[in-house]
file target-v8.txt (compact mmCIF, C-alpha atoms and all ligand atoms)
# COMPACT_ATOMS: atom_id res chain seq x y z
CA MET A 286 -19.76 -23.92 22.36
CA THR A 287 -17.51 -22.20 24.89
CA THR A 288 -14.57 -20.14 23.77
CA PRO A 289 -11.27 -21.97 24.50
CA GLN A 290 -9.60 -20.73 27.69
CA GLN A 291 -6.39 -19.76 25.87
CA VAL A 292 -8.41 -17.44 23.60
CA VAL A 293 -10.25 -15.88 26.58
CA LEU A 294 -7.03 -15.30 28.54
CA ARG A 295 -4.91 -13.94 25.68
CA ASP A 296 -7.75 -11.66 24.61
CA ALA A 297 -8.12 -10.33 28.16
CA MET A 298 -4.38 -9.66 28.49
CA ARG A 299 -4.35 -7.86 25.12
CA ARG A 300 -7.39 -5.73 25.95
CA LEU A 301 -6.06 -4.83 29.39
CA ASP A 302 -2.51 -4.52 28.00
CA MET A 303 -1.21 -6.54 30.95
CA THR A 304 1.85 -8.73 31.22
CA ARG A 305 1.35 -12.32 32.40
CA ASP A 306 2.70 -11.43 35.85
CA ALA A 307 0.37 -8.45 36.24
CA PHE A 308 -2.62 -10.42 34.96
CA ALA A 309 -1.93 -13.40 37.24
CA ASP A 310 -1.73 -10.96 40.12
CA ARG A 311 -5.00 -9.27 39.05
CA ILE A 312 -6.95 -12.53 38.96
CA GLY A 313 -5.26 -13.87 42.07
CA CYS A 314 -3.47 -16.92 40.71
CA ARG A 315 0.20 -17.87 40.49
CA ARG A 316 2.06 -16.97 37.30
CA ARG A 317 2.94 -20.66 36.83
CA THR A 318 -0.76 -21.58 37.00
CA LEU A 319 -1.60 -18.97 34.36
CA ASP A 320 1.16 -20.38 32.15
CA THR A 321 -0.36 -23.88 32.35
CA TRP A 322 -3.81 -22.49 31.41
CA LEU A 323 -2.27 -20.85 28.33
CA LEU A 324 -0.56 -23.97 27.00
CA PRO A 325 -2.11 -25.80 24.02
CA ASP A 326 -4.64 -28.48 25.07
CA GLU A 327 -2.36 -31.26 23.83
CA SER A 328 0.57 -30.21 26.03
CA SER A 329 1.24 -32.55 28.96
CA GLU A 330 1.47 -29.56 31.32
CA PHE A 331 -1.83 -28.02 30.20
CA ARG A 332 -4.39 -27.47 32.99
CA ALA A 333 -8.06 -26.59 32.63
CA MET A 334 -8.99 -23.19 34.03
CA PRO A 335 -11.73 -23.42 36.69
CA GLU A 336 -15.11 -21.95 35.67
CA ILE A 337 -14.90 -19.44 38.53
CA ALA A 338 -11.69 -17.99 37.07
CA ARG A 339 -13.31 -17.67 33.63
CA ARG A 340 -16.23 -15.75 35.16
CA PHE A 341 -13.87 -13.51 37.10
CA VAL A 342 -11.93 -12.67 33.92
CA GLN A 343 -15.20 -11.77 32.18
CA GLU A 344 -16.19 -9.56 35.11
CA ILE A 345 -12.84 -7.74 35.03
CA LEU A 346 -13.24 -7.08 31.31
CA GLU A 347 -16.78 -5.78 31.76
CA ARG A 348 -15.62 -3.42 34.48
CA ALA A 349 -12.49 -2.26 32.62
CA ALA A 350 -12.66 1.43 31.77
CA PRO A 351 -13.74 2.12 28.20
CA ARG A 352 -10.83 3.07 26.00
CA SER A 353 -9.98 6.74 25.71
CA PRO A 354 -10.56 8.06 22.18
CA ASP A 355 -6.85 8.85 21.74
CA SER A 356 -5.89 5.19 22.09
CA THR A 357 -7.19 4.49 18.61
CA GLN A 358 -6.12 5.92 15.31
CA SER A 359 -8.46 7.05 12.56
CA VAL A 360 -9.53 4.23 10.32
CA TYR A 361 -8.43 4.27 6.67
CA ASN A 362 -11.69 3.94 4.85
CA ASP A 363 -12.26 5.60 1.53
CA GLY A 364 -15.20 3.33 0.82
CA LEU A 365 -12.96 0.70 -0.77
CA THR A 366 -11.70 -1.24 2.22
CA ALA A 367 -14.88 -1.52 4.31
CA ASP A 368 -18.51 -2.18 3.44
CA ALA A 369 -21.42 -0.02 4.60
CA GLY A 370 -21.64 -1.99 7.86
CA GLY A 371 -17.92 -1.43 8.57
CA ALA A 372 -16.87 -5.02 7.78
CA MET A 373 -13.55 -5.46 5.98
CA ARG A 374 -13.94 -5.80 2.17
CA HIS A 375 -10.29 -5.81 1.15
CA LEU A 376 -7.05 -5.79 3.14
CA LEU A 377 -4.80 -3.23 1.50
CA SER A 378 -3.11 -1.32 4.30
CA VAL A 379 -2.62 -1.49 8.06
CA GLU A 380 -4.18 1.98 8.12
CA GLN A 381 -7.53 0.20 7.97
CA PHE A 382 -7.07 -1.01 11.54
CA ASP A 383 -7.74 0.60 14.88
CA ARG A 384 -6.77 -1.09 18.11
CA GLU A 385 -10.08 -2.88 18.52
CA GLY A 386 -9.88 -4.18 14.96
CA VAL A 387 -6.45 -5.62 15.70
CA GLU A 388 -7.71 -7.23 18.92
CA ALA A 389 -10.69 -8.82 17.15
CA LEU A 390 -8.41 -10.24 14.46
CA PHE A 391 -5.95 -11.62 17.02
CA ARG A 392 -8.77 -13.19 19.04
CA LEU A 393 -9.79 -15.02 15.89
CA ALA A 394 -6.15 -15.99 15.20
CA ASP A 395 -6.06 -17.54 18.70
CA VAL A 396 -9.18 -19.55 17.80
CA MET A 397 -7.30 -20.81 14.71
CA GLN A 398 -4.26 -22.02 16.69
CA PRO A 399 -5.40 -25.66 17.19
CA ILE A 400 -5.99 -25.91 13.41
CA ALA A 401 -2.63 -24.29 12.64
CA ARG A 402 -1.04 -26.82 15.02
CA ARG A 403 -2.76 -29.64 13.07
CA ARG A 404 -4.80 -30.86 16.06
CA LYS A 405 -8.15 -29.78 14.62
CA VAL A 406 -9.66 -29.38 11.16
CA THR A 407 -12.45 -27.26 9.73
CA ARG A 408 -14.22 -27.07 6.37
CA VAL A 409 -15.84 -23.62 6.71
CA LEU A 410 -14.44 -22.54 3.34
CA GLU A 411 -15.33 -25.79 1.53
CA GLY A 412 -15.88 -25.01 -2.16
CA ALA A 413 -14.19 -21.59 -2.01
CA VAL A 414 -11.25 -20.87 -4.30
CA LEU A 415 -8.32 -18.55 -3.62
CA ALA A 416 -6.35 -16.98 -6.47
CA ASN A 417 -2.83 -16.45 -5.17
CA LEU A 418 -1.25 -14.06 -7.68
CA PHE A 419 2.44 -13.46 -7.03
CA PHE A 420 4.15 -11.22 -9.59
CA GLU A 421 7.26 -11.00 -7.38
CA ALA A 422 9.48 -13.56 -5.62
CA SER A 423 7.99 -15.20 -2.54
CA THR A 424 8.20 -18.39 -0.53
CA ARG A 425 6.61 -17.97 2.90
CA THR A 426 3.98 -15.38 2.04
CA ARG A 427 2.64 -17.29 -0.96
CA VAL A 428 2.72 -20.72 0.67
CA SER A 429 1.31 -19.54 4.00
CA PHE A 430 -1.59 -17.72 2.33
CA GLY A 431 -2.29 -20.90 0.37
CA ALA A 432 -1.93 -23.19 3.39
CA ALA A 433 -4.14 -20.90 5.50
CA PHE A 434 -6.91 -21.02 2.89
CA CYS A 435 -6.58 -24.82 2.57
CA ARG A 436 -6.73 -25.28 6.35
CA LEU A 437 -10.07 -23.50 6.31
CA GLY A 438 -11.28 -26.08 3.77
CA GLY A 439 -10.80 -24.02 0.58
CA SER A 440 -8.70 -24.65 -2.53
CA VAL A 441 -5.94 -22.57 -4.06
CA CYS A 442 -4.96 -21.60 -7.62
CA ASP A 443 -1.49 -20.09 -7.86
CA THR A 444 0.32 -18.06 -10.44
CA THR A 445 3.91 -16.94 -10.02
CA GLY A 446 6.05 -14.46 -11.90
CA PHE A 447 5.32 -11.90 -14.59
CA THR A 448 6.75 -13.89 -17.45
CA PHE A 449 4.05 -16.54 -17.32
CA SER A 450 1.15 -14.13 -16.79
CA SER A 451 -0.87 -12.24 -19.38
CA MET A 452 0.53 -9.00 -17.96
CA ALA A 453 3.65 -9.84 -19.98
CA LYS A 454 1.37 -9.46 -23.06
CA GLY A 455 0.34 -6.00 -21.96
CA GLU A 456 -2.86 -6.85 -20.07
CA SER A 457 -3.96 -4.15 -17.62
CA ILE A 458 -4.38 -4.67 -13.90
CA HIS A 459 -8.07 -3.89 -14.32
CA ASP A 460 -8.61 -6.66 -16.88
CA THR A 461 -6.57 -9.24 -14.94
CA SER A 462 -8.45 -8.43 -11.75
CA ARG A 463 -11.87 -8.63 -13.40
CA VAL A 464 -11.01 -11.92 -15.11
CA ILE A 465 -9.71 -13.57 -11.93
CA SER A 466 -12.79 -12.38 -10.03
CA GLY A 467 -14.86 -14.65 -12.24
CA TYR A 468 -12.82 -17.64 -11.08
CA ALA A 469 -12.03 -17.05 -7.42
CA ASP A 470 -13.64 -16.04 -4.12
CA ALA A 471 -10.61 -14.23 -2.72
CA ILE A 472 -7.50 -12.82 -4.37
CA VAL A 473 -4.05 -12.32 -2.84
CA VAL A 474 -1.75 -10.13 -4.90
CA ARG A 475 1.95 -9.40 -4.65
CA HIS A 476 3.15 -6.88 -7.19
CA PRO A 477 6.40 -4.92 -7.69
CA GLU A 478 4.65 -1.53 -7.93
CA GLN A 479 3.40 0.42 -4.96
CA GLY A 480 -0.35 1.00 -5.29
CA ALA A 481 -0.89 -1.83 -7.81
CA VAL A 482 -2.83 -3.99 -5.33
CA THR A 483 -5.23 -1.12 -4.65
CA GLN A 484 -5.83 -0.94 -8.40
CA PHE A 485 -6.65 -4.66 -8.35
CA ALA A 486 -9.18 -4.01 -5.59
CA ARG A 487 -10.82 -1.15 -7.48
CA ALA A 488 -11.70 -3.51 -10.32
CA THR A 489 -13.51 -6.18 -8.29
CA TYR A 490 -16.05 -6.94 -5.58
CA VAL A 491 -14.11 -10.09 -4.63
CA PRO A 492 -11.93 -9.51 -1.51
CA VAL A 493 -8.33 -8.57 -2.38
CA VAL A 494 -5.45 -8.92 0.07
CA ASN A 495 -2.20 -7.03 -0.32
CA GLY A 496 0.63 -9.58 -0.20
CA GLY A 497 3.22 -6.80 -0.68
CA ASP A 498 3.06 -3.92 -3.19
CA GLY A 499 6.63 -3.03 -4.17
CA PRO A 500 8.21 -0.79 -1.52
CA GLY A 501 4.74 0.18 -0.25
CA GLU A 502 3.11 -1.99 2.40
CA HIS A 503 2.93 -5.60 3.57
CA PRO A 504 -0.01 -5.45 5.96
CA THR A 505 -0.41 -9.15 6.73
CA GLN A 506 3.27 -9.46 7.63
CA ALA A 507 2.95 -6.52 10.03
CA LEU A 508 -0.14 -8.09 11.60
CA LEU A 509 1.61 -11.41 12.16
CA ASP A 510 4.68 -9.54 13.45
CA LEU A 511 2.55 -7.66 15.96
CA TYR A 512 0.69 -10.83 16.97
CA THR A 513 4.05 -12.54 17.56
CA LEU A 514 5.52 -9.56 19.39
CA GLN A 515 2.57 -9.42 21.77
CA ARG A 516 2.96 -13.10 22.58
CA GLU A 517 6.72 -12.68 23.12
CA PHE A 518 6.15 -9.62 25.32
CA SER A 519 3.47 -11.40 27.32
CA ARG A 520 5.95 -14.19 28.07
CA VAL A 521 8.84 -11.96 29.09
CA GLY A 522 6.69 -9.46 31.02
CA LYS A 523 6.64 -6.48 28.66
CA GLN A 524 3.88 -4.29 27.29
CA LEU A 525 3.35 -2.68 23.90
CA ASP A 526 2.26 0.63 25.39
CA GLY A 527 5.49 2.48 26.11
CA ALA A 528 7.70 -0.09 24.37
CA HIS A 529 11.01 0.89 22.78
CA ILE A 530 11.23 -0.55 19.28
CA ALA A 531 14.31 -0.52 17.02
CA LEU A 532 13.90 -1.04 13.27
CA MET A 533 17.17 -1.70 11.50
CA GLY A 534 18.35 -2.31 7.93
CA ASP A 535 16.81 -1.19 4.66
CA LEU A 536 14.01 0.99 5.98
CA LYS A 537 13.51 2.74 2.63
CA TYR A 538 12.48 -0.26 0.54
CA GLY A 539 11.55 -2.71 3.33
CA ARG A 540 7.75 -2.68 3.12
CA THR A 541 7.34 -4.84 6.23
CA VAL A 542 8.82 -2.10 8.41
CA HIS A 543 6.58 0.52 6.77
CA SER A 544 3.47 -1.40 7.78
CA LEU A 545 4.86 -2.37 11.19
CA MET A 546 5.79 1.18 12.18
CA LYS A 547 2.32 2.43 11.21
CA LEU A 548 0.63 -0.41 13.13
CA LEU A 549 2.71 0.13 16.28
CA GLY A 550 1.51 3.73 16.20
CA LEU A 551 -1.79 2.38 17.61
CA TYR A 552 -0.07 1.84 20.97
CA LYS A 553 0.53 4.63 23.44
CA GLY A 554 4.01 6.02 24.02
CA VAL A 555 5.87 3.64 21.69
CA ARG A 556 9.44 4.93 21.09
CA PHE A 557 11.18 4.17 17.83
CA THR A 558 14.90 4.01 17.06
CA LEU A 559 15.41 3.81 13.30
CA ILE A 560 18.80 2.60 12.09
CA ALA A 561 19.45 2.56 8.36
CA PRO A 562 22.53 2.84 6.16
CA PRO A 563 22.87 6.28 4.52
CA GLY A 564 20.30 6.65 1.75
CA LEU A 565 18.07 3.81 2.98
CA ASP A 566 16.09 5.75 5.59
CA MET A 567 12.46 5.28 6.56
CA PRO A 568 10.22 7.37 4.24
CA SER A 569 9.63 10.76 5.81
CA ALA A 570 5.81 10.49 5.55
CA ILE A 571 5.85 7.48 7.92
CA VAL A 572 8.22 9.20 10.38
CA GLU A 573 6.10 12.36 10.33
CA GLN A 574 2.92 10.36 10.95
CA ALA A 575 4.56 8.72 13.99
CA ALA A 576 5.67 12.12 15.30
CA ARG A 577 2.09 13.44 14.86
CA ASN A 578 0.87 10.40 16.88
CA GLY A 579 3.17 11.49 19.69
CA ASN A 580 5.72 8.68 19.21
CA ALA A 581 9.32 9.63 19.95
CA VAL A 582 11.49 8.83 16.93
CA GLU A 583 15.28 8.74 16.97
CA VAL A 584 17.14 8.28 13.66
CA ARG A 585 20.64 6.76 13.52
CA SER A 586 22.92 5.56 10.75
CA VAL A 587 25.30 3.53 12.91
CA PRO A 588 24.05 0.33 14.53
CA GLY A 589 25.00 -0.35 18.13
CA PRO A 590 24.68 2.75 20.25
CA GLY A 591 21.25 3.45 21.69
CA LEU A 592 20.06 -0.18 21.70
CA ALA A 593 20.68 -0.97 25.38
CA ASN A 594 17.08 -0.26 26.42
CA VAL A 595 15.38 -1.55 23.31
CA ASP A 596 12.57 -4.06 23.93
CA MET A 597 12.44 -5.37 20.36
CA LEU A 598 15.01 -5.23 17.57
CA TYR A 599 13.51 -5.87 14.13
CA ALA A 600 16.04 -6.37 11.34
CA THR A 601 15.33 -6.31 7.62
CA ARG A 602 17.20 -7.47 4.56
CA ILE A 603 18.82 -4.91 2.25
CA GLN A 604 16.44 -4.90 -0.75
CA LYS A 605 19.11 -4.67 -3.46
CA GLU A 606 16.60 -5.61 -6.15
CA ARG A 607 14.72 -2.35 -5.56
CA PHE A 608 17.75 -0.04 -5.66
CA THR A 609 17.54 2.85 -8.09
CA GLY A 610 21.11 4.15 -8.03
CA GLU A 611 21.86 3.55 -4.33
CA SER A 612 25.19 1.90 -3.64
CA ILE A 613 25.74 -1.06 -1.36
CA GLU A 614 29.51 -0.51 -1.37
CA SER A 615 29.11 1.74 1.63
CA LEU A 616 27.26 -0.96 3.55
CA ASP A 617 28.65 -1.25 6.97
CA ASN A 618 29.59 -4.61 8.51
CA ARG A 619 28.02 -3.34 11.68
CA PHE A 620 24.61 -4.01 10.11
CA ARG A 621 25.27 -7.75 10.59
CA ILE A 622 23.30 -8.94 13.62
CA ASP A 623 25.05 -11.86 15.23
CA ARG A 624 25.58 -13.14 18.75
CA SER A 625 28.46 -10.79 19.53
CA PHE A 626 26.45 -7.77 18.29
CA VAL A 627 23.50 -8.68 20.50
CA GLU A 628 25.67 -9.41 23.55
CA ALA A 629 27.52 -6.11 23.12
CA ASN A 630 24.55 -3.84 22.44
CA CYS A 631 21.21 -5.27 23.56
CA ALA A 632 19.44 -6.02 26.82
CA PRO A 633 19.34 -9.69 27.96
CA ASP A 634 15.55 -9.81 27.44
CA VAL A 635 15.41 -8.14 24.01
CA VAL A 636 13.05 -9.74 21.43
CA LEU A 637 14.77 -10.29 18.07
CA MET A 638 12.65 -10.38 14.92
CA HIS A 639 13.10 -10.42 11.12
CA PRO A 640 10.44 -10.91 8.42
CA LEU A 641 12.73 -13.31 6.48
CA PRO A 642 14.14 -14.21 4.05
CA ARG A 643 17.58 -13.46 5.49
CA ASP A 644 20.70 -13.61 3.39
CA SER A 645 22.59 -16.57 4.90
CA THR A 646 25.44 -16.65 2.36
CA PRO A 647 28.87 -16.40 4.04
CA GLY A 648 29.80 -12.79 4.78
CA ALA A 649 26.26 -11.49 4.19
CA ILE A 650 25.26 -8.40 6.10
CA ASP A 651 22.04 -9.66 7.65
CA LEU A 652 20.77 -11.62 10.64
CA SER A 653 23.32 -14.37 11.39
CA THR A 654 22.45 -18.03 11.94
CA ASP A 655 24.57 -18.12 15.10
CA LEU A 656 21.53 -16.84 17.03
CA ASP A 657 19.22 -19.64 15.86
CA ARG A 658 18.99 -21.50 19.18
CA ASP A 659 18.70 -18.29 21.18
CA PRO A 660 15.23 -18.09 22.78
CA ARG A 661 15.16 -14.33 22.14
CA LEU A 662 15.09 -14.98 18.39
CA ALA A 663 11.41 -15.15 17.39
CA ILE A 664 11.81 -15.59 13.60
CA PHE A 665 10.31 -19.08 13.33
CA ARG A 666 7.49 -18.20 15.71
CA GLN A 667 6.82 -15.30 13.33
CA THR A 668 6.64 -17.62 10.31
CA ASP A 669 4.48 -20.14 12.21
CA ASN A 670 2.08 -17.37 13.21
CA GLY A 671 1.57 -16.51 9.53
CA ILE A 672 -0.95 -19.36 9.36
CA PRO A 673 -3.40 -18.47 12.18
CA VAL A 674 -3.22 -14.74 11.36
CA ARG A 675 -3.88 -15.28 7.63
CA MET A 676 -6.64 -17.78 8.44
CA ALA A 677 -8.25 -15.12 10.62
CA ILE A 678 -8.01 -12.58 7.79
CA PHE A 679 -9.70 -14.93 5.31
CA ALA A 680 -12.36 -15.85 7.86
CA GLN A 681 -13.21 -12.18 8.38
CA LEU A 682 -13.17 -11.32 4.67
CA LEU A 683 -15.41 -14.26 3.76
CA LYS A 684 -17.55 -13.81 6.88
CA VAL A 685 -17.15 -17.26 8.38
CA ASP A 686 -15.48 -16.01 11.58
CA GLN A 687 -18.47 -16.97 13.72
CA LEU A 688 -18.57 -20.51 12.29
CA VAL A 689 -15.00 -21.66 12.87
CA GLN A 690 -15.15 -22.59 16.55
CA LYS A 691 -18.19 -24.86 16.29
CA SER A 692 -17.08 -26.41 13.01
CA MET A 693 -13.83 -27.85 14.41
CA ARG A 694 -13.23 -31.59 14.45
CA ASP A 695 -10.20 -33.58 15.61
CA ALA A 696 -7.52 -34.12 12.96
CA THR A 697 -7.32 -37.74 11.84
CA TRP A 698 -3.58 -37.86 11.24
CA THR A 699 -0.69 -37.57 13.67
CA ALA A 700 1.36 -34.42 13.38
CA PRO A 701 4.73 -33.98 15.09
CA SER A 702 4.44 -32.26 18.47
CA GLN A 703 7.17 -29.84 17.37
CA VAL A 704 7.66 -28.75 13.79
CA GLY A 705 11.29 -27.68 14.07
CA PRO A 706 14.33 -28.07 16.28
CA GLU A 707 14.23 -24.44 17.49
CA ASP A 708 10.63 -24.79 18.57
CA THR A 709 7.96 -23.08 20.16
CA LEU A 710 8.18 -21.41 23.51
CA GLU A 711 4.77 -20.68 24.90
C1 LIG B 1 9.56 -9.64 2.94
C2 LIG B 1 8.91 -9.06 1.72
O1 LIG B 1 8.70 -9.74 0.71
O2 LIG B 1 8.58 -7.90 1.81
N1 LIG B 1 9.39 -10.98 3.15
C3 LIG B 1 8.20 -11.50 3.57
O3 LIG B 1 7.19 -11.36 2.94
N2 LIG B 1 8.19 -12.16 4.72
C4 LIG B 1 10.92 -9.12 3.22
C5 LIG B 1 12.01 -9.20 2.18
O4 LIG B 1 11.84 -9.54 1.02
O5 LIG B 1 13.13 -8.88 2.57

call {"tool": "encode", "arguments": {"input": "target-v8.txt", "output": "structure tokens", "more": "lines below"}}
Ligand code: NCD
result
Amino acid sequence: MTTPQQVVLRDAMRRLDMTRDAFADRIGCRRRTLDTWLLPDESSEFRAMPEIARRFVQEILERAAPRSPDSTQSVYNDGLTADAGGAMRHLLSVEQFDREGVEALFRLADVMQPIARRRKVTRVLEGAVLANLFFEASTRTRVSFGAAFCRLGGSVCDTTGFTFSSMAKGESIHDTSRVISGYADAIVVRHPEQGAVTQFARATYVPVVNGGDGPGEHPTQALLDLYTLQREFSRVGKQLDGAHIALMGDLKYGRTVHSLMKLLGLYKGVRFTLIAPPGLDMPSAIVEQAARNGNAVEVRSVPGPGLANVDMLYATRIQKERFTGESIESLDNRFRIDRSFVEANCAPDVVLMHPLPRDSTPGAIDLSTDLDRDPRLAIFRQTDNGIPVRMAIFAQLLKVDQLVQKSMRDATWTAPSQVGPEDTLE
């Protein structure tokens, strides 16, 4: 079974860190031709890549210089997150990943795309059960983990909220984790306390995935953010190495930006501009780690200035529910990102991202809906990419990654070619 051409091409561009223009030039085809090879099979403009081009791409990859040791970061592995052979046992932190680990996961996510687009189906996880344990509010993370597991052929048992769980009766994390391990083959946990998901993992041999641990980390969100960002950059001709990234909003309690900043540290020469209201700054340990990596970090408390050369602006919601004495009175209107803010401060080819949910109530200081039809806004491509990325994570954890491609069959139902009005740029 040959690897789909889109997977081969995207993987090659990621490994060579090349834009579409540079890659088209390298393999001697027109950019437009490369674009048609990258489209989903069902697109009317899709074209098959000639075998000779596939062989040439393979040859280029074989000849590419091996990566210098400084392009990867040390792998977080205290014996809990990886097995003796180095395979992932639990997904607790982005610190588990080096650059090759990210590339392997994204290659697998690309393989999942036709299933995520409802063109293909697979049953590789038939009979497996996921326990989706959410002790904190969630919509997209909980549903997309569940949908990802179902699209691999598994089934999902959900529990939501503290009140209806035995933890409200004083049960320990250890006991809950051990009990659930007797029922399920994978466990996703979201919990309001930082470190609680690691405690879950310590009590079980069943794979545990961190779905957000209080103000700590949200590794799967950062992975899908990075996967999306790379696809956006590839389209607009930008590279991750040397990119200028702005993170804006509640950087103290926003766990998605904690994981994302750590993960972006895997790329060479990334520059960060961090913009947070007073008192809601990025934790110093994460800033210091970036500085040790050699990333330039600029800290600002006023949005606007310094964004003109930013390649990606990532906004986060103010996490009022986590405040411990901070005041939102001082919150500046300038933290609202709307069309006029972007026109006044950002480059015309900036990529705009947000993990969602955004506060869309009138007057809210968050990402405005007036940018929804703007092609620079990638928020719904981010949410869509939650499915293939989380499918890839489950496939790796349950060791079915090698089986997915050959198990695929055509879907029997007809899915809409677009899932939403703002849809998918490729
Ligand atoms: C975020 C979260 O829960 O950390 N949402 C998400 O999972 N996509 C961000 C937030 O709550 O603001």

call {"tool": "axis_aligned_box", "arguments": {"input": "target-v8.txt", "around": "ligand LIG 1 (chain B)", "padding_each_side": "3 Å", "output": "JSON"}}
result
{"center_x": 10.2, "center_y": -10.0, "center_z": 2.7, "size_x": 11.9, "size_y": 10.3, "size_z": 10.0}

call {"tool": "residues_near_ligand", "arguments": {"input": "target-v8.txt", "ligand": "ligand LIG 1 (chain B)", "cutoff": "9 Å", "atoms": "all atoms listed in the file", "output": "JSON, numbers by chain"}}
result
{"A": [421, 422, 423, 424, 425, 426, 427, 475, 496, 497, 498, 499, 500, 502, 503, 505, 506, 535, 538, 539, 540, 541, 542, 601, 602, 603, 604, 639, 640, 641, 642, 643, 644, 668]}

call {"tool": "closest_residue", "arguments": {"input": "target-v8.txt", "among": "A:Leu418, A:Ala471, A:Leu565, A:Ile672", "to": "Met452 of chain A", "atoms": "only C-alpha atoms"}}
result
A:Leu418

call {"tool": "closest_residue", "arguments": {"input": "target-v8.txt", "among": "A:Val685, A:Ala528, A:Leu548, A:Leu656", "to": "Met597 of chain A", "atoms": "only C-alpha atoms"}}
result
A:Ala528

call {"tool": "residues_around", "arguments": {"input": "target-v8.txt", "residues": "Val572 of chain A", "least_positions_apart": "4", "cutoff": "10 Å", "atoms": "all atoms listed in the file", "output": "list in words"}}
result
His543, Met546, Lys547, Phe557, Leu559, Asp566, Met567, Pro568, Ala576, Arg577, Asn578, Asn580, Ala581, Val582, Glu583 and Val584 of chain A

call {"tool": "write_last_selection", "arguments": {"input": "target-v8.txt", "atoms": "C-alpha atoms", "output": "short mmCIF file (atom, residue, chain, number, x, y, z; two decimals), keeping the file's coordinate frame"}}
result
data_model
loop_
_atom_site.label_atom_id
_atom_site.label_comp_id
_atom_site.auth_asym_id
_atom_site.auth_seq_id
_atom_site.Cartn_x
_atom_site.Cartn_y
_atom_site.Cartn_z
CA HIS A 543 6.58 0.52 6.77
CA MET A 546 5.79 1.18 12.18
CA LYS A 547 2.32 2.43 11.21
CA PHE A 557 11.18 4.17 17.83
CA LEU A 559 15.41 3.81 13.30
CA ASP A 566 16.09 5.75 5.59
CA MET A 567 12.46 5.28 6.56
CA PRO A 568 10.22 7.37 4.24
CA ALA A 576 5.67 12.12 15.30
CA ARG A 577 2.09 13.44 14.86
CA ASN A 578 0.87 10.40 16.88
CA ASN A 580 5.72 8.68 19.21
CA ALA A 581 9.32 9.63 19.95
CA VAL A 582 11.49 8.83 16.93
CA GLU A 583 15.28 8.74 16.97
CA VAL A 584 17.14 8.28 13.66
#

call {"tool": "atom_distance", "arguments": {"input": "target-v8.txt", "atom1": "atom CA of Leu592 of chain A", "atom2": "atom CA of Thr304 of chain A"}}
result
22.3 Å

call {"tool": "atom_distance", "arguments": {"input": "target-v8.txt", "atom1": "atom CA of Arg315 of chain A", "atom2": "atom CA of Gln667 of chain A"}}
result
28.1 Å

call {"tool": "residues_around", "arguments": {"input": "target-v8.txt", "residues": "Ala481 of chain A", "least_positions_apart": "3", "cutoff": "12 Å", "atoms": "only C-alpha atoms", "output": "list in words"}}
result
Leu377, Phe420, Ser457, Ile458, His459, Thr461, Ser462, Val474, Arg475, His476, Pro477, Glu478, Gln484, Phe485, Ala486, Arg487, Ala488, Val493, Val494, Asn495, Gly496, Gly497, Asp498, Gly499, Pro500, Gly501 and Glu502 of chain A

call {"tool": "atom_distance", "arguments": {"input": "target-v8.txt", "atom1": "atom CA of Leu549 of chain A", "atom2": "atom CA of Val674 of chain A"}}
result
16.7 Å

call {"tool": "closest_residue", "arguments": {"input": "target-v8.txt", "among": "A:Gly648, A:Gly386, A:Gly480, A:Pro289", "to": "Asp623 of chain A", "atoms": "only C-alpha atoms"}}
result
A:Gly648

call {"tool": "residues_near_point", "arguments": {"input": "target-v8.txt", "point": "(-5.2, -1.4, 9.3)", "cutoff": "9 Å", "atoms": "only C-alpha atoms", "output": "JSON, numbers by chain"}}
result
{"A": [360, 361, 376, 377, 378, 379, 380, 381, 382, 383, 384, 386, 387, 504, 508, 544, 547, 548]}
